[in-house]
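S.K.: This is the content of final-v3.cif (mmCIF, C-alpha atoms and all ligand atoms):
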data_final
#
loop_
_atom_site.label_atom_id
_atom_site.label_comp_id
_atom_site.auth_asym_id
_atom_site.auth_seq_id
_atom_site.Cartn_x
_atom_site.Cartn_y
_atom_site.Cartn_z
CA MET A 287 -97.79 94.75 -28.99
CA LYS A 288 -100.47 97.26 -27.99
CA PHE A 289 -100.05 101.00 -28.59
CA SER A 290 -98.39 102.06 -25.30
CA THR A 291 -95.97 99.14 -25.40
CA LYS A 292 -94.92 100.01 -28.96
CA SER A 293 -94.43 103.65 -27.94
CA ILE A 294 -91.88 102.57 -25.32
CA LYS A 295 -90.30 99.47 -26.85
CA ILE A 296 -89.99 99.88 -30.63
CA GLY A 297 -86.63 101.10 -31.89
CA VAL A 298 -84.73 100.55 -28.65
CA GLU A 299 -82.99 97.17 -28.87
CA GLU A 300 -81.52 97.39 -32.35
CA SER A 301 -80.25 100.93 -31.78
CA ASP A 302 -77.78 99.73 -29.12
CA PRO A 303 -76.54 96.17 -29.65
CA SER A 304 -73.31 96.98 -27.73
CA PHE A 305 -74.46 97.93 -24.23
CA GLY A 306 -78.18 97.18 -24.01
CA SER A 307 -79.22 100.75 -23.21
CA VAL A 308 -82.95 100.90 -22.36
CA VAL A 309 -83.36 104.16 -24.29
CA PRO A 310 -82.16 104.69 -27.88
CA PRO A 311 -78.69 106.30 -27.73
CA ILE A 312 -77.89 109.57 -29.50
CA TYR A 313 -75.44 108.97 -32.37
CA PRO A 314 -74.12 112.43 -33.35
CA SER A 315 -71.68 111.06 -35.95
CA SER A 316 -72.21 112.66 -39.36
CA THR A 317 -70.42 109.80 -41.15
CA PHE A 318 -69.79 106.08 -40.51
CA ARG A 319 -66.72 103.89 -41.14
CA PHE A 320 -67.03 101.03 -43.62
CA PRO A 321 -65.31 97.80 -42.50
CA SER A 322 -64.19 97.26 -46.14
CA ALA A 323 -64.45 98.76 -49.64
CA GLU A 324 -66.82 95.93 -50.59
CA GLU A 325 -69.16 96.74 -47.69
CA GLY A 326 -69.02 100.45 -48.58
CA ALA A 327 -70.05 99.61 -52.15
CA ALA A 328 -72.86 97.35 -50.89
CA ARG A 329 -74.23 100.14 -48.69
CA PHE A 330 -74.18 102.63 -51.58
CA ALA A 331 -76.03 100.09 -53.71
CA PHE A 332 -78.67 99.78 -50.92
CA LYS A 333 -77.75 96.07 -50.69
CA SER A 334 -76.52 96.35 -47.09
CA PRO A 335 -78.49 98.18 -44.38
CA GLY A 336 -75.42 99.70 -42.66
CA MET A 337 -74.95 103.44 -42.17
CA ILE A 338 -73.19 105.70 -44.69
CA TYR A 339 -73.73 109.36 -43.81
CA SER A 340 -76.28 111.02 -41.51
CA ARG A 341 -78.10 112.93 -44.26
CA LEU A 342 -79.04 109.48 -45.60
CA ALA A 343 -79.53 107.56 -42.36
CA ASN A 344 -78.62 107.72 -38.70
CA PRO A 345 -79.28 105.09 -36.00
CA THR A 346 -81.14 107.46 -33.61
CA VAL A 347 -83.22 108.87 -36.46
CA GLN A 348 -83.94 105.34 -37.72
CA ALA A 349 -85.14 104.30 -34.26
CA LEU A 350 -87.66 107.15 -34.45
CA GLU A 351 -88.75 106.16 -37.97
CA LYS A 352 -89.29 102.58 -36.80
CA ARG A 353 -91.36 103.63 -33.80
CA LEU A 354 -93.48 106.02 -35.89
CA THR A 355 -94.08 103.30 -38.48
CA ALA A 356 -95.24 100.86 -35.78
CA MET A 357 -97.48 103.37 -34.04
CA GLU A 358 -99.12 104.42 -37.31
CA GLY A 359 -99.61 100.77 -38.31
CA ALA A 360 -97.72 101.62 -41.52
CA GLU A 361 -94.99 99.97 -43.61
CA ALA A 362 -92.42 102.78 -43.53
CA ALA A 363 -91.69 106.36 -42.42
CA LEU A 364 -89.20 109.16 -43.02
CA VAL A 365 -88.58 111.97 -40.58
CA THR A 366 -87.57 115.48 -41.57
CA SER A 367 -86.34 118.73 -40.05
CA SER A 368 -89.85 120.28 -39.78
CA GLY A 369 -93.46 119.65 -40.66
CA MET A 370 -93.11 122.12 -43.54
CA SER A 371 -90.10 120.26 -44.98
CA ALA A 372 -92.07 117.00 -44.85
CA ILE A 373 -94.98 118.65 -46.69
CA LEU A 374 -92.71 120.30 -49.28
CA THR A 375 -90.71 117.13 -49.89
CA ALA A 376 -93.82 115.01 -50.37
CA ILE A 377 -95.55 117.48 -52.70
CA LEU A 378 -92.46 118.12 -54.83
CA HIS A 379 -91.73 114.40 -55.03
CA PHE A 380 -95.12 113.71 -56.59
CA ALA A 381 -95.99 116.91 -58.47
CA LYS A 382 -94.40 118.31 -61.62
CA ALA A 383 -94.84 121.50 -63.63
CA GLY A 384 -98.26 121.49 -65.27
CA ASP A 385 -99.92 119.46 -62.50
CA HIS A 386 -102.98 120.60 -60.60
CA ILE A 387 -103.70 119.98 -56.91
CA VAL A 388 -107.08 120.20 -55.18
CA ALA A 389 -106.74 121.21 -51.51
CA HIS A 390 -109.13 121.85 -48.66
CA LYS A 391 -109.80 125.58 -48.20
CA SER A 392 -108.94 125.54 -44.50
CA ILE A 393 -105.44 124.18 -43.88
CA TYR A 394 -102.38 125.32 -41.93
CA GLY A 395 -101.39 128.86 -43.03
CA GLY A 396 -97.86 127.84 -44.03
CA THR A 397 -99.14 125.03 -46.27
CA PHE A 398 -101.67 127.40 -47.81
CA GLU A 399 -98.87 129.86 -48.58
CA LEU A 400 -96.76 127.11 -50.16
CA LEU A 401 -99.61 125.84 -52.35
CA SER A 402 -101.13 129.21 -53.25
CA LYS A 403 -98.06 131.42 -53.75
CA ILE A 404 -94.81 129.46 -54.02
CA LEU A 405 -95.61 126.33 -56.03
CA PRO A 406 -97.39 128.25 -58.85
CA LYS A 407 -93.96 129.78 -59.61
CA PHE A 408 -92.88 126.24 -60.56
CA GLY A 409 -96.00 125.51 -62.62
CA ILE A 410 -97.92 123.60 -59.93
CA LYS A 411 -101.34 125.15 -59.38
CA THR A 412 -103.81 124.48 -56.57
CA SER A 413 -107.57 125.00 -56.33
CA PHE A 414 -108.94 125.40 -52.79
CA VAL A 415 -112.43 124.05 -52.12
CA ASP A 416 -114.49 123.00 -49.14
CA PHE A 417 -113.73 119.28 -48.59
CA THR A 418 -116.46 118.98 -45.93
CA ASP A 419 -118.76 118.63 -48.95
CA PRO A 420 -116.98 115.97 -51.04
CA ALA A 421 -119.07 116.88 -54.11
CA ASN A 422 -117.00 120.09 -54.34
CA VAL A 423 -113.84 118.03 -54.71
CA GLU A 424 -115.20 115.93 -57.53
CA LYS A 425 -116.41 119.04 -59.37
CA THR A 426 -112.94 120.66 -59.17
CA ILE A 427 -110.91 117.73 -60.51
CA LYS A 428 -109.41 118.51 -63.93
CA LYS A 429 -107.56 116.46 -66.53
CA ASN A 430 -104.20 117.49 -65.03
CA THR A 431 -105.17 116.99 -61.35
CA THR A 432 -102.80 114.56 -59.64
CA ILE A 433 -103.12 115.19 -55.87
CA LEU A 434 -105.84 115.75 -53.26
CA TYR A 435 -104.37 117.52 -50.21
CA PHE A 436 -106.24 117.87 -46.89
CA GLU A 437 -106.27 117.87 -43.08
CA SER A 438 -108.85 116.77 -40.50
CA PRO A 439 -109.52 118.18 -37.97
CA THR A 440 -108.60 121.34 -39.80
CA ASN A 441 -106.45 124.18 -38.55
CA PRO A 442 -107.92 126.32 -36.99
CA LEU A 443 -111.66 125.67 -37.40
CA MET A 444 -111.70 122.04 -36.31
CA GLU A 445 -113.83 120.97 -39.28
CA ILE A 446 -113.98 117.24 -39.91
CA VAL A 447 -113.50 115.95 -43.45
CA ASP A 448 -114.84 112.51 -44.37
CA ILE A 449 -111.48 110.88 -45.11
CA LYS A 450 -112.89 107.63 -46.50
CA THR A 451 -115.15 109.42 -49.00
CA ILE A 452 -112.35 111.73 -50.19
CA CYS A 453 -110.07 108.70 -50.68
CA TYR A 454 -112.84 106.93 -52.60
CA ILE A 455 -113.08 109.93 -54.97
CA ALA A 456 -109.28 109.96 -55.33
CA LYS A 457 -109.14 106.26 -56.27
CA LYS A 458 -111.98 106.71 -58.75
CA HIS A 459 -109.99 109.44 -60.55
CA ASN A 460 -106.60 107.80 -60.06
CA LEU A 461 -105.31 110.60 -57.81
CA LEU A 462 -102.92 110.49 -54.90
CA THR A 463 -104.08 111.58 -51.41
CA LEU A 464 -101.73 113.53 -49.13
CA PHE A 465 -103.13 114.00 -45.64
CA ASP A 466 -101.76 116.05 -42.73
CA ASN A 467 -102.66 114.17 -39.51
CA THR A 468 -100.95 116.61 -37.13
CA PHE A 469 -104.12 117.52 -35.20
CA ALA A 470 -105.19 113.96 -34.40
CA ASN A 471 -102.31 111.50 -34.77
CA PRO A 472 -102.36 107.98 -33.39
CA PRO A 473 -104.08 106.78 -31.23
CA LEU A 474 -106.87 109.20 -32.23
CA GLN A 475 -106.90 108.71 -36.01
CA TYR A 476 -105.37 106.27 -38.50
CA PRO A 477 -105.71 107.80 -42.02
CA LEU A 478 -103.90 104.96 -43.85
CA LYS A 479 -106.64 102.58 -42.70
CA LEU A 480 -109.21 105.00 -44.15
CA GLY A 481 -107.52 104.89 -47.57
CA VAL A 482 -105.01 107.76 -47.49
CA ASP A 483 -101.84 107.18 -49.57
CA VAL A 484 -99.37 109.43 -47.71
CA VAL A 485 -99.66 110.74 -44.14
CA LEU A 486 -97.77 113.90 -43.17
CA TYR A 487 -96.91 115.24 -39.74
CA SER A 488 -95.52 118.14 -37.88
CA LEU A 489 -93.91 116.05 -35.11
CA THR A 490 -93.37 119.41 -33.38
CA LYS A 491 -96.90 119.04 -32.00
CA TYR A 492 -98.48 116.13 -30.09
CA ILE A 493 -96.07 113.40 -31.14
CA ASN A 494 -93.14 115.11 -29.43
CA GLY A 495 -95.52 117.02 -27.19
CA HIS A 496 -93.12 119.10 -25.11
CA SER A 497 -92.47 122.28 -27.19
CA ASP A 498 -88.74 121.57 -27.48
CA VAL A 499 -88.29 120.21 -31.03
CA ILE A 500 -89.21 121.16 -34.63
CA ALA A 501 -89.65 118.06 -36.81
CA GLY A 502 -91.83 116.39 -39.44
CA ALA A 503 -92.63 113.00 -40.93
CA ILE A 504 -93.84 111.31 -44.12
CA ILE A 505 -95.50 107.92 -43.62
CA SER A 506 -96.74 105.55 -46.32
CA SER A 507 -96.14 102.18 -48.01
CA LYS A 508 -92.61 100.76 -48.19
CA LYS A 509 -92.57 101.33 -51.96
CA ILE A 510 -93.55 105.01 -51.76
CA ILE A 511 -91.23 105.78 -48.85
CA GLU A 512 -88.25 104.10 -50.53
CA ASP A 513 -88.96 106.09 -53.67
CA ILE A 514 -89.21 109.42 -51.80
CA PHE A 515 -85.99 108.58 -49.93
CA LYS A 516 -83.92 107.57 -52.96
CA ARG A 517 -85.19 110.10 -55.49
CA THR A 518 -86.03 113.21 -53.47
CA LEU A 519 -85.36 113.38 -49.74
CA ILE A 520 -81.63 112.72 -49.68
CA PHE A 521 -81.07 115.40 -52.33
CA PHE A 522 -83.30 118.02 -50.65
CA GLY A 523 -81.55 117.28 -47.34
CA PRO A 524 -84.11 118.27 -44.66
CA THR A 525 -82.30 116.04 -42.16
CA LEU A 526 -83.44 115.72 -38.55
CA SER A 527 -80.73 116.02 -35.90
CA PRO A 528 -80.21 112.86 -33.80
CA PHE A 529 -80.58 115.03 -30.67
CA SER A 530 -84.07 116.05 -31.81
CA ALA A 531 -84.89 112.44 -32.75
CA TYR A 532 -83.94 111.38 -29.22
CA LEU A 533 -86.26 113.97 -27.64
CA ILE A 534 -89.16 112.88 -29.85
CA LEU A 535 -88.55 109.21 -28.96
CA ARG A 536 -88.74 110.23 -25.31
CA GLY A 537 -91.87 112.33 -25.85
CA MET A 538 -93.59 109.47 -27.67
CA THR A 539 -93.36 107.14 -24.67
CA THR A 540 -96.29 109.03 -23.07
CA LEU A 541 -98.28 109.80 -26.25
CA ASN A 542 -101.20 107.52 -25.38
CA GLU A 543 -101.67 108.92 -21.87
CA ARG A 544 -101.14 112.51 -23.03
CA MET A 545 -103.73 112.24 -25.80
CA LYS A 546 -106.35 110.86 -23.41
CA LYS A 547 -105.84 113.77 -21.02
CA HIS A 548 -105.70 116.38 -23.83
CA CYS A 549 -109.11 115.12 -25.06
CA GLU A 550 -110.60 115.11 -21.55
CA ASN A 551 -109.37 118.64 -20.72
CA ALA A 552 -110.37 120.08 -24.12
CA LEU A 553 -113.93 118.74 -23.82
CA ALA A 554 -114.30 120.29 -20.35
CA VAL A 555 -112.96 123.65 -21.61
CA ALA A 556 -115.21 123.52 -24.71
CA LYS A 557 -118.27 122.89 -22.51
CA PHE A 558 -117.32 125.80 -20.25
CA LEU A 559 -116.85 128.18 -23.19
CA GLU A 560 -120.06 127.06 -24.91
CA LYS A 561 -122.09 128.27 -21.91
CA HIS A 562 -120.20 131.54 -21.43
CA PRO A 563 -122.23 134.66 -22.32
CA LYS A 564 -119.24 136.43 -23.94
CA ILE A 565 -118.60 133.59 -26.40
CA GLU A 566 -120.28 133.69 -29.81
CA ARG A 567 -119.35 130.20 -30.99
CA VAL A 568 -117.11 127.26 -30.03
CA TYR A 569 -115.52 124.98 -32.64
CA TYR A 570 -114.73 121.60 -31.06
CA PRO A 571 -115.75 118.33 -32.76
CA GLY A 572 -116.45 116.72 -29.37
CA LEU A 573 -119.40 119.04 -28.75
CA LYS A 574 -122.77 117.70 -29.87
CA SER A 575 -123.44 121.17 -31.34
CA HIS A 576 -120.50 120.77 -33.79
CA PRO A 577 -121.87 120.13 -37.32
CA HIS A 578 -119.46 117.21 -37.83
CA TYR A 579 -119.80 115.60 -34.38
CA LYS A 580 -121.18 112.30 -35.73
CA LEU A 581 -118.51 111.99 -38.40
CA ALA A 582 -115.77 112.77 -35.86
CA LYS A 583 -117.16 110.08 -33.56
CA LYS A 584 -117.12 107.55 -36.38
CA GLN A 585 -113.73 108.45 -37.82
CA MET A 586 -111.72 109.25 -34.68
CA ASN A 587 -110.98 107.59 -31.34
CA GLY A 588 -111.16 110.91 -29.46
CA PHE A 589 -111.73 114.54 -30.44
CA GLY A 590 -108.28 116.01 -29.81
CA GLY A 591 -106.95 118.81 -27.66
CA VAL A 592 -107.39 121.88 -29.88
CA LEU A 593 -110.46 124.07 -30.06
CA SER A 594 -111.33 127.48 -31.44
CA PHE A 595 -113.87 130.04 -30.35
CA GLU A 596 -115.17 133.46 -31.30
CA VAL A 597 -115.33 136.09 -28.60
CA LYS A 598 -118.19 138.57 -28.88
CA GLY A 599 -116.71 141.95 -29.87
CA GLY A 600 -114.41 140.71 -32.67
CA TYR A 601 -110.76 141.69 -33.09
CA GLU A 602 -110.41 143.96 -30.02
CA ALA A 603 -112.21 141.55 -27.69
CA GLY A 604 -110.08 138.65 -28.93
CA LYS A 605 -106.90 140.67 -28.42
CA LYS A 606 -107.99 141.66 -24.90
CA LEU A 607 -108.65 138.03 -24.03
CA VAL A 608 -105.25 136.72 -25.18
CA ASN A 609 -103.55 139.62 -23.40
CA SER A 610 -105.30 138.74 -20.14
CA VAL A 611 -104.46 135.04 -19.67
CA LYS A 612 -101.99 134.21 -16.90
CA ILE A 613 -101.51 130.42 -16.85
CA ILE A 614 -102.21 129.77 -20.53
CA ASN A 615 -99.31 130.89 -22.75
CA LEU A 616 -99.88 133.49 -25.46
CA ALA A 617 -97.94 131.59 -28.11
CA VAL A 618 -98.46 129.81 -31.43
CA SER A 619 -98.03 126.08 -32.00
CA LEU A 620 -100.17 123.38 -30.41
CA GLY A 621 -100.09 119.86 -29.04
CA ALA A 622 -97.88 120.56 -26.05
CA VAL A 623 -98.14 119.87 -22.32
CA GLU A 624 -98.54 123.65 -21.86
CA SER A 625 -101.78 125.34 -22.90
CA LEU A 626 -101.18 127.70 -25.84
CA ILE A 627 -103.53 130.44 -27.03
CA GLU A 628 -103.27 132.49 -30.21
CA HIS A 629 -105.13 134.80 -32.56
CA PRO A 630 -105.11 133.25 -36.10
CA ALA A 631 -106.02 136.47 -37.96
CA SER A 632 -102.91 138.29 -36.69
CA MET A 633 -100.61 135.27 -36.18
CA THR A 634 -100.76 131.78 -37.82
CA HIS A 635 -103.06 132.84 -40.66
CA SER A 636 -101.78 136.40 -41.12
CA GLU A 637 -100.11 135.44 -44.44
CA LEU A 638 -103.61 135.08 -45.86
CA SER A 639 -105.28 138.21 -47.22
CA ALA A 640 -108.48 139.37 -45.48
CA GLU A 641 -110.35 137.98 -48.49
CA GLU A 642 -108.62 134.57 -48.23
CA ARG A 643 -109.32 134.43 -44.47
CA LYS A 644 -112.96 135.24 -45.08
CA LYS A 645 -113.16 132.45 -47.67
CA ALA A 646 -111.57 130.06 -45.16
CA GLY A 647 -114.07 131.10 -42.45
CA ILE A 648 -111.45 132.62 -40.14
CA LYS A 649 -113.12 135.60 -38.47
CA ASP A 650 -111.19 138.44 -36.83
CA GLY A 651 -112.33 137.51 -33.32
CA LEU A 652 -111.41 133.85 -33.66
CA ILE A 653 -109.13 132.47 -30.94
CA ARG A 654 -107.35 129.09 -31.10
CA LEU A 655 -106.61 127.27 -27.88
CA SER A 656 -104.43 124.18 -27.57
CA VAL A 657 -105.54 122.74 -24.26
CA GLY A 658 -102.58 121.43 -22.29
CA LEU A 659 -102.18 119.06 -19.40
CA GLU A 660 -102.36 121.59 -16.54
CA ASP A 661 -105.19 120.92 -14.08
CA VAL A 662 -108.33 121.66 -16.08
CA ASP A 663 -109.82 123.71 -13.20
CA ASP A 664 -106.87 126.10 -13.47
CA ILE A 665 -107.26 126.40 -17.26
CA ILE A 666 -110.98 127.18 -16.93
CA GLN A 667 -110.37 129.62 -14.08
CA ASP A 668 -107.74 131.40 -16.19
CA LEU A 669 -110.13 131.73 -19.15
CA SER A 670 -112.88 132.88 -16.84
CA GLN A 671 -110.81 135.70 -15.29
CA ALA A 672 -109.56 136.73 -18.78
CA LEU A 673 -113.12 136.82 -20.13
CA ASP A 674 -114.15 139.01 -17.18
CA LYS A 675 -111.70 141.61 -18.51
CA VAL A 676 -113.18 141.57 -22.03
N1 LIG B 1 -99.21 121.04 -40.37
C1 LIG B 1 -100.01 121.59 -39.44
C2 LIG B 1 -101.41 121.11 -39.33
C3 LIG B 1 -99.51 122.59 -38.60
O1 LIG B 1 -100.32 123.11 -37.69
C4 LIG B 1 -98.16 123.02 -38.76
C5 LIG B 1 -97.56 124.08 -37.93
C6 LIG B 1 -97.39 122.44 -39.75
C7 LIG B 1 -97.94 121.44 -40.54
C8 LIG B 1 -95.95 122.83 -39.98
O2 LIG B 1 -95.16 122.18 -39.06
P1 LIG B 1 -93.72 122.74 -38.54
O3 LIG B 1 -92.90 122.97 -39.76
O4 LIG B 1 -93.99 123.99 -37.79
O5 LIG B 1 -93.22 121.61 -37.69
N2 LIG B 1 -98.49 124.76 -37.16
C9 LIG B 1 -98.25 125.81 -36.42
C10 LIG B 1 -99.26 126.50 -35.76
O6 LIG B 1 -100.45 126.24 -35.83
N3 LIG B 1 -98.74 127.47 -35.06
O7 LIG B 1 -97.38 127.53 -35.19
C11 LIG B 1 -96.98 126.50 -36.12
#
Could the structure of this file be written out as structure tokens, please?

M.R.:
Amino acid sequence: MKFSTKSIKIGVEESDPSFGSVVPPIYPSSTFRFPSAEEGAARFAFKSPGMIYSRLANPTVQALEKRLTAMEGAEAALVTSSGMSAILTAILHFAKAGDHIVAHKSIYGGTFELLSKILPKFGIKTSFVDFTDPANVEKTIKKNTTILYFESPTNPLMEIVDIKTICYIAKKHNLLTLFDNTFANPPLQYPLKLGVDVVLYSLTKYINGHSDVIAGAIISSKKIIEDIFKRTLIFFGPTLSPFSAYLILRGMTTLNERMKKHCENALAVAKFLEKHPKIERVYYPGLKSHPHYKLAKKQMNGFGGVLSFEVKGGYEAGKKLVNSVKIINLAVSLGAVESLIEHPASMTHSELSAEERKKAGIKDGLIRLSVGLEDVDDIIQDLSQALDKV
């Protein structure tokens, strides 16, 4: 099956053998009857695939895991209650007290907080370096390093990291790679094919795509996923509700078409902003002026729907701009049908100190825009009238 067919077909038939529903049904049951004590024992021993209890498995949630696995071209997937719970579960599954992680300096603010402030309390320390120069990574690896953690494109600067080279370094040093693919996701980028061990998602973004669910995923080999499931996930309990799983399954049916349009609209907006006299700099990997344009072209099948830009005049000018939009929503998050605009310094990356933001290259006037699926002329017109007020 090709991508769009998988996004509609996978997970449907087996989730409703009784009535032949053409969409996966929602199974709200928290627990499932065993036909006999022997069958109950077989399920607990993982010798029978039947359901036990919805923290462990649920038919609607499993349909989503199957579809995600197929669309990623992977062996197995687990979904969780949020992107953050997927990230936390994966890191805590692999890391132990005394371990060292090397992470890219520019990652989602919540993940940065987790790695820089929370995990050190449990003896897991992280060094942040610039992964766009892979030599930095190699230099930072210590005897106790076990994990390389990164994103590409990065949040919010849209830097592109050479995934294949980072994975080559990881294999050379016997390290595990954890990679957050939230900004690109299939069909734009397939990190497992580039050598990544574990792919992480906030499904809240493009994969669901409609700003009505919080969810996450961990995708990897069958062996790794089974191990995370049996030893960590079911005891942490970041379970996804079957109602949310249903909405994501529905959102995914249009993922291919949505991603094409997000890329098309974002490129048009980036080109408009690049020529605007009140804009200092645009960060979009689809622009030839972007320092990683060639790498993005090689590594991705499209440049994505998020871009960032600096408005001349810094903090106040940026604030004036986001206060002046009318069609675009002043809201955090990304990857939705609606365009969303935000100010990283005061919102998504406000947990970082001014010093940490400076190190990560996030200037005070930086604006992040997730370009939605409204008519692109309306989006550009809205930005144009807002910039007139700056
Ligand atoms: N990974 C990335 C790259 C993200 O951008 C986010 C959330 C997460 C993980 C966490 O996922 P969640 O738990 O929210 O599903 N990013 C947000 C953002 O940029 N604005 O609001 C949330």

S.K.: Per residue of segment 432-457 of chain A within 7 Å of segment 413-424 of chain A, record the nearest atom pair and its distance in Å to one decimal, counting only C-alpha atoms, with rows in chain order and ascending residue number, as a Markdown table.

M.R.:
| residue | atom | partner | partner_atom | distance |
| --- | --- | --- | --- | --- |
| A:Ile446 | CA | A:Thr418 | CA | 6.7 |
| A:Val447 | CA | A:Thr418 | CA | 4.9 |
| A:Asp448 | CA | A:Thr418 | CA | 6.8 |
| A:Ile452 | CA | A:Pro420 | CA | 6.3 |
| A:Ile455 | CA | A:Glu424 | CA | 6.9 |

S.K.: Around all listed atoms of segment 386-401 of chain A, padded 5 Å per side, what centre and edge lengths does the axis-aligned box have in Å to one decimal, as lines of an AutoDock Vina configuration file?

M.R.:
center_x = -103.3
center_y = 124.9
center_z = -51.3
size_x = 23.0
size_y = 19.9
size_z = 28.7

S.K.: Give me, as a short mmCIF file (atom, residue, chain, number, x, y, z; two decimals) with C-alpha atoms, in the frame of the given file, all polymer residues having an atom no more than 12 Å from Asn467 of chain A, counting only C-alpha atoms and skipping those fewer than 5 positions away in the same chain.

M.R.:
data_model
loop_
_atom_site.label_atom_id
_atom_site.label_comp_id
_atom_site.auth_asym_id
_atom_site.auth_seq_id
_atom_site.Cartn_x
_atom_site.Cartn_y
_atom_site.Cartn_z
CA GLU A 358 -99.12 104.42 -37.31
CA GLY A 369 -93.46 119.65 -40.66
CA ILE A 373 -94.98 118.65 -46.69
CA ILE A 393 -105.44 124.18 -43.88
CA TYR A 394 -102.38 125.32 -41.93
CA TYR A 435 -104.37 117.52 -50.21
CA PHE A 436 -106.24 117.87 -46.89
CA GLU A 437 -106.27 117.87 -43.08
CA SER A 438 -108.85 116.77 -40.50
CA PRO A 439 -109.52 118.18 -37.97
CA THR A 440 -108.60 121.34 -39.80
CA ASN A 441 -106.45 124.18 -38.55
CA ILE A 446 -113.98 117.24 -39.91
CA VAL A 447 -113.50 115.95 -43.45
CA ILE A 449 -111.48 110.88 -45.11
CA PRO A 472 -102.36 107.98 -33.39
CA PRO A 473 -104.08 106.78 -31.23
CA LEU A 474 -106.87 109.20 -32.23
CA GLN A 475 -106.90 108.71 -36.01
CA TYR A 476 -105.37 106.27 -38.50
CA PRO A 477 -105.71 107.80 -42.02
CA LEU A 478 -103.90 104.96 -43.85
CA VAL A 482 -105.01 107.76 -47.49
CA VAL A 484 -99.37 109.43 -47.71
CA VAL A 485 -99.66 110.74 -44.14
CA LEU A 486 -97.77 113.90 -43.17
CA TYR A 487 -96.91 115.24 -39.74
CA SER A 488 -95.52 118.14 -37.88
CA LEU A 489 -93.91 116.05 -35.11
CA LYS A 491 -96.90 119.04 -32.00
CA TYR A 492 -98.48 116.13 -30.09
CA ILE A 493 -96.07 113.40 -31.14
CA GLY A 502 -91.83 116.39 -39.44
CA ALA A 503 -92.63 113.00 -40.93
CA ILE A 504 -93.84 111.31 -44.12
CA ILE A 505 -95.50 107.92 -43.62
CA MET A 586 -111.72 109.25 -34.68
CA GLY A 590 -108.28 116.01 -29.81
#

S.K.: Could you list, as a PyMOL selection string, every residue within 7 Å of Glu351 of chain A, counting only C-alpha atoms and ignoring same-chain residues fewer than 4 positions away?

M.R.: chain A and resi 347+355+363-365

S.K.: So how far away is atom CA of Leu519 of chain A from atom CA of Glu361 of chain A, in Å?

M.R.: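 Interatomic distance, atom CA of Glu361 of chain A to atom CA of Leu519 of chain A: 17.6 Å.
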
S.K.: Here is a test: counting all atoms listed in the file, which residue of A:Ala381, A:Ala328, A:Ala470, A:Leu581 is nearest to ligand LIG 1 (chain B)?

M.R.: A:Ala470

S.K.: Report as a ChimeraX atom specification all protein, DNA and RNA residues lying within 7 Å of Val568 of chain A, evaluated on only C-alpha atoms, omitting residues in the same chain fewer than 5 positions from it.

M.R.: /A:556,559-560,594-596

S.K.: Quick one: everything within 12 Å of Val608 of chain A, counting all atoms listed in the file, minus sequence neighbours fewer than 3 positions away in the same chain. Send it as a PyMOL selection string.

M.R.: chain A and resi 597+601-605+611-618+626-630+632+651-655+668-673+675-676

S.K.: Kindly give the distance, in Å, that separates atom CA of Leu620 of chain A and atom CA of Gly591 of chain A, rounded to a single decimal.

M.R.: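 Taking atom CA of Leu620 of chain A as the start and atom CA of Gly591 of chain A as the end point, the length is 8.6 Å.
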
S.K.: Nearest residue to Ala582 of chain A out of A:Met444, A:Ile294, A:Ile338, A:Ala383, using all atoms listed in the file?

M.R.: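 Closest to Ala582 of chain A, using all atoms listed in the file: A:Met444.
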
S.K.: Work out how far atom CA of Gly572 of chain A is from atom CA of Phe589 of chain A, in Å to one decimal.

M.R.: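 Interatomic distance, atom CA of Phe589 of chain A to atom CA of Gly572 of chain A: 5.3 Å.
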
S.K.: So which residues touch Gly297 of chain A within 8 Å, counting all atoms listed in the file, skipping near sequence neighbours fewer than 2 positions away, as a list of chain:residue names?

M.R.: A:Lys295, A:Glu299, A:Glu300, A:Ser301, A:Pro310, A:Gln348, A:Ala349, A:Leu350, A:Lys352, A:Arg353

S.K.: Would you mind telling me which residue in A:Leu480, A:Ala622, A:Ile520, A:Val555 lies nearest to Asp498 of chain A when using only C-alpha atoms?

M.R.: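 The answer is A:Ala622, which sits nearest to Asp498 of chain A.
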
S.K.: Using all atoms listed in the file, can you list as a PyMOL selection string the residues within 12 Å of (-79.9, 106.5, -29.4)?

M.R.: chain A and resi 297-315+344-350+527-536

S.K.: Pick out the closest residue to ligand LIG 1 (chain B) from this set: A:Met633, A:Ala327, A:Ile511, A:Leu593. Count all atoms listed in the file.

M.R.: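 Closest residue, counting all atoms listed in the file: A:Met633.
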
S.K.: Hey, which of A:Thr468, A:Thr518, A:Ser322, A:Ser340 ends up closest to ligand LIG 1 (chain B)? Count all atoms listed in the file.

M.R.: A:Thr468

S.K.: Please rebuild segment 302-306 of chain A with N, CA and C atoms and give the result as a short mmCIF file (atom, residue, chain, number, x, y, z; two decimals), keeping the file's coordinate frame.

M.R.:
data_model
loop_
_atom_site.label_atom_id
_atom_site.label_comp_id
_atom_site.auth_asym_id
_atom_site.auth_seq_id
_atom_site.Cartn_x
_atom_site.Cartn_y
_atom_site.Cartn_z
N ASP A 302 -78.97 99.87 -29.95
CA ASP A 302 -77.78 99.73 -29.12
C ASP A 302 -77.45 98.27 -28.84
N PRO A 303 -76.90 97.58 -29.87
CA PRO A 303 -76.54 96.17 -29.65
C PRO A 303 -75.32 96.02 -28.73
N SER A 304 -74.55 97.10 -28.51
CA SER A 304 -73.31 96.98 -27.73
C SER A 304 -73.53 96.92 -26.22
N PHE A 305 -74.35 97.80 -25.69
CA PHE A 305 -74.46 97.93 -24.23
C PHE A 305 -75.84 97.62 -23.66
N GLY A 306 -76.85 97.49 -24.52
CA GLY A 306 -78.18 97.18 -24.01
C GLY A 306 -78.85 98.36 -23.32
#
